[in-house]
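The structure appears right after this line, and notes come after that.
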Amino acid sequence: MSDVLTILSALAEPTRLAATRLLWDGREHCVCELMQALGASQSRMSRHMAALKAAGLFLDRRDAQWVRYRRAPDLSPEVVALVDAALAVPAQRQRSAA
């Protein structure tokens with residue numbers, strides 16, 4: 001149960017949910033892409049990605065000065081369904097609920 005709570009807590013923050021939406025495509029993305037798309041500073045994006053990594057949703061690798069993130073390949077079907085459900089709520093509706 002604590003895994004579910006950790007994941008839900010990580011996804012409850014709007015910037016982290018938006019980052020998850022971008023990263024959920026299964027491709028690898030540079031933190032610079034996330035920063036640009038979400039209008040976040042490098043330090044802010046790093047903090048958000050640390051929370052998503054701690055929840056077990058993403059992996060990272062260093063590439064020179066940047067860090068690249070991708071969806072964790074070994075997520076259980078239940079975790080994938082949980083994240084898919086969170087992402088299914090239209091972004092506009094998520095902003096108005098916050």
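Ligands are numbered from 1 in the order shown, residues from 1 within each chain, and chains are lettered A, B, ... in the order they appear in the structure tokens.
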
Applying 12 Å and only C-alpha atoms, which residues near Ala18 of chain A remain after dropping the ones on its own chain fewer than 3 positions away? List them as a PyMOL selection string.
chain A and resi 10-15+21-24+34-35+37-40+45+48-49+52+83+86-92+94-95

Step one, run DSSP on the backbone; step two, keep only residues of chain A assigned to strand (DSSP E); then write them as a PyMOL selection string.
chain A and resi 29-30+58-63+66-71

Shortest interatomic distance to Arg44 of chain A - which of A:Ala72, A:Val79, A:Ala64, A:Ala19, counting only C-alpha atoms:
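Looking only at the distances to Arg44 of chain A, the closest residue turns out to be A:Ala19.
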
Spatial neighbours of Trp66 of chain A, 9 Å, only C-alpha atoms, chain gap at least 5 places, as a list of chain:residue names
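In the requested form, the answer reads A:Cys30, A:Val31, A:Cys32, A:Arg61.
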
As a check of understanding: the span from atom CA of Asp3 of chain A to atom CA of Asp63 of chain A is 29.2 Å

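Nearest-residue note for Lys53 of chain A: choosing from A:Thr20, A:Gln36, A:Ser41, A:Ser76, the minimum distance belongs to A:Thr20, counting only C-alpha atoms.
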
If you run DSSP on this backbone, which residues of segment 46-83 of chain A come out as helix (DSSP H, G or I), and could you give them as a list in words?
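Filtering segment 46-83 of chain A to helix (DSSP H, G or I) leaves Ser46, Arg47, His48, Met49, Ala50, Ala51, Leu52, Lys53, Ala54, Pro77, Glu78, Val79, Val80, Ala81, Leu82 and Val83 of chain A.
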
Which one is closest to Thr6 of chain A: A:Ala51, A:Glu33, A:Arg27, A:Gln42? Count only C-alpha atoms.
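Once distances to Thr6 of chain A are computed over only C-alpha atoms, the minimum belongs to A:Ala51.
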
Show which residues sit within 12 Å of Glu78 of chain A, as an MDAnalysis selection string. Count only C-alpha atoms, and ignore same-chain residues fewer than 4 positions away.
chainID A and resid 1 3:4 7 74 82:85
